[in-house]
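Engineer: Let me give you the structure first, and then I'll get to my questions.
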Amino acid sequence: MTTELKDLAINKYALALHTTTPELGLAISNFAGETRSQVWNLGRDLSSLVHQYLIEFIKPQTWADLSFIAVAKGPGGFTGTRIGVVTARTLGQQLDIPVFAISTLAAVAWAEAGKSQNPKTIAVEMPAQRGQNFAAIYQFESDASKLKVCLSDRVFTPEAWQETLANWNTNYQLIQAQSGLATTVTSILELANLDWQEGKFPNWSEALPYYGQHPVQDA
């Protein structure tokens, strides 16, 4: 990102969406002391209500106040994940601002990492369809306030995941991501801001969902 673009973004806001579960999570921040977030359990109404909730939530800010969009890209439920990513892409395209697609599992790891200032390895697992697990492993680097991907998001059988953990060569903390994931929408926003501060400027078309499995049925 050029210096001019960064200067234009000063005092602007960023918006994050989390829709990979039946809950809708929204967060907005200017990263200068003003941050707010909210979660609603919308169930099957998520697809029909997400735009209405967005319009109400963003007030008193306006769409023109946004410098970038962040969205949970999955893993998670197929329909919810698709809704969030499509909404973020549409906003990014219409507003001509970057869209950061952030891993659901990375957001869980980042939320856990925020509870400690010590460098640590965090393994995150989430139930998937057909008895499998979504999983990933991250290293929190407190000195740089970054989350390093040690093992990217993928699908494991329970046996393969246990074998992976058994053979991991460093101590780790295992986190089970099962419920309340939409509350990590603030982590989605914070991880996107780290990329933004590094000068990354992803086009809306680069924001793609991560499903991990073929959607035989909605998760």
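The way I read the labels, and the way they are meant: chains A, B, ... in the order of the structure tokens, residue 1 as the first residue of every chain, and ligand 1 as the first ligand shown, with later ones counted on from there.
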Set out as a Markdown table a contact list for region 45-89 of chain A and region 190-199 of chain A with a cut-off of 12 Å, giving each residue of region 45-89 of chain A that qualifies its closest atom pair and distance in Å to one decimal, counting only C-alpha atoms, ordered by chain and rising residue number.

Structural biologist:
```
| residue | atom | partner | partner_atom | distance |
| --- | --- | --- | --- | --- |
| A:Ser67 | CA | A:Trp196 | CA | 9.6 |
| A:Phe68 | CA | A:Trp196 | CA | 8.4 |
| A:Ile69 | CA | A:Ala192 | CA | 8.3 |
| A:Ala70 | CA | A:Ala192 | CA | 6.1 |
| A:Val71 | CA | A:Ala192 | CA | 8.7 |
| A:Ala72 | CA | A:Ala192 | CA | 10.2 |
| A:Lys73 | CA | A:Ala192 | CA | 12.0 |
```

Engineer: With 9 Å as the cut-off and only C-alpha atoms counted, what is the closest atom pair between each nearby residue of region 53-170 of chain A and region 22-27 of chain A? Distances in Å to one decimal, ordered by chain and number, as a tab-separated table.

Structural biologist:
```
residue	atom	partner	partner_atom	distance
A:Tyr53	CA	A:Leu26	CA	8.9
A:Leu54	CA	A:Leu26	CA	7.7
A:Phe57	CA	A:Leu26	CA	7.7
A:Ile58	CA	A:Ala27	CA	8.8
A:Gly77	CA	A:Pro22	CA	8.1
A:Gly80	CA	A:Pro22	CA	6.8
```

Engineer: Could you pull out the helix (DSSP H, G or I) residues of region 32-144 of chain A, going by DSSP on the backbone, and write them as a ChimeraX atom specification?

Structural biologist: /A:43-58,63-65,78-95,104-113,129-131

Engineer: Among region 14-189 of chain A, which ones does DSSP assign to strand (DSSP E or B) (computed from the backbone)? Answer as an mmCIF file with C-alpha atoms, in the first residue's frame.

Structural biologist:
```
data_model
loop_
_atom_site.group_PDB
_atom_site.id
_atom_site.type_symbol
_atom_site.label_atom_id
_atom_site.label_comp_id
_atom_site.auth_asym_id
_atom_site.auth_seq_id
_atom_site.Cartn_x
_atom_site.Cartn_y
_atom_site.Cartn_z
ATOM 1 C CA ALA A 14 -12.887 -1.463 9.311
ATOM 2 C CA LEU A 15 -15.775 -3.920 9.407
ATOM 3 C CA ALA A 16 -15.694 -7.667 10.099
ATOM 4 C CA LEU A 17 -18.299 -10.376 9.495
ATOM 5 C CA HIS A 18 -18.491 -13.872 10.991
ATOM 6 C CA GLU A 23 -24.742 -16.933 14.586
ATOM 7 C CA LEU A 24 -23.983 -13.588 12.978
ATOM 8 C CA GLY A 25 -21.011 -11.739 14.400
ATOM 9 C CA LEU A 26 -20.227 -8.155 13.408
ATOM 10 C CA ALA A 27 -17.421 -5.885 14.561
ATOM 11 C CA ILE A 28 -16.277 -2.409 13.611
ATOM 12 C CA SER A 29 -13.226 -0.454 14.754
ATOM 13 C CA THR A 35 -14.393 -0.754 18.775
ATOM 14 C CA ARG A 36 -17.791 -2.380 19.052
ATOM 15 C CA SER A 37 -19.087 -5.828 18.252
ATOM 16 C CA GLN A 38 -22.274 -7.832 18.575
ATOM 17 C CA VAL A 39 -23.488 -11.384 18.011
ATOM 18 C CA TRP A 40 -26.978 -12.576 17.095
ATOM 19 C CA ASN A 41 -28.222 -16.165 16.929
ATOM 20 C CA LEU A 66 -14.701 1.928 5.790
ATOM 21 C CA SER A 67 -11.092 1.341 4.769
ATOM 22 C CA PHE A 68 -11.353 -2.451 4.529
ATOM 23 C CA ILE A 69 -13.600 -5.459 5.130
ATOM 24 C CA ALA A 70 -12.663 -8.650 7.000
ATOM 25 C CA VAL A 71 -14.598 -11.911 6.864
ATOM 26 C CA ALA A 72 -14.360 -15.375 8.391
ATOM 27 C CA VAL A 99 -11.329 -7.669 1.609
ATOM 28 C CA PHE A 100 -9.344 -9.870 4.001
ATOM 29 C CA ALA A 101 -10.537 -13.486 4.259
ATOM 30 C CA ILE A 102 -9.427 -14.852 7.646
ATOM 31 C CA LYS A 120 3.097 -20.568 22.526
ATOM 32 C CA THR A 121 1.899 -23.106 20.016
ATOM 33 C CA ILE A 122 -1.864 -23.427 19.698
ATOM 34 C CA ALA A 123 -3.568 -26.387 18.036
ATOM 35 C CA VAL A 124 -7.209 -25.811 17.101
ATOM 36 C CA GLU A 125 -9.696 -28.526 16.228
ATOM 37 C CA MET A 126 -13.311 -28.252 15.094
ATOM 38 C CA PRO A 127 -15.853 -30.986 14.351
ATOM 39 C CA ASN A 133 -12.093 -32.792 12.139
ATOM 40 C CA PHE A 134 -11.000 -29.440 10.801
ATOM 41 C CA ALA A 135 -7.683 -28.578 12.403
ATOM 42 C CA ALA A 136 -4.697 -26.249 12.240
ATOM 43 C CA ILE A 137 -1.673 -25.333 14.349
ATOM 44 C CA TYR A 138 -0.406 -21.810 14.993
ATOM 45 C CA GLN A 139 2.491 -20.198 16.826
ATOM 46 C CA PHE A 140 1.782 -16.967 18.665
ATOM 47 C CA GLU A 141 4.791 -14.666 18.571
ATOM 48 C CA LYS A 146 1.724 -12.105 15.122
ATOM 49 C CA LEU A 147 0.226 -15.500 14.499
ATOM 50 C CA LYS A 148 2.453 -17.812 12.486
ATOM 51 C CA VAL A 149 0.826 -20.662 10.592
ATOM 52 C CA CYS A 150 2.628 -23.905 11.435
ATOM 53 C CA LEU A 151 0.008 -26.242 9.953
ATOM 54 C CA SER A 152 -2.626 -24.697 7.703
ATOM 55 C CA ASP A 153 -6.332 -25.484 7.880
ATOM 56 C CA ARG A 154 -7.155 -28.975 6.689
ATOM 57 C CA VAL A 155 -9.433 -31.952 7.269
ATOM 58 C CA PHE A 156 -8.254 -34.917 9.336
ATOM 59 C CA GLN A 173 -2.144 -26.001 23.804
ATOM 60 C CA LEU A 174 -5.156 -27.770 22.285
ATOM 61 C CA ILE A 175 -8.303 -25.704 21.769
ATOM 62 C CA GLN A 176 -11.628 -27.244 20.781
#
```

Engineer: One decimal, Å: what's the distance from CA of Lys12 (chain A) over to CA of Asp65 (chain A), could you say?

Structural biologist: 5.4 Å
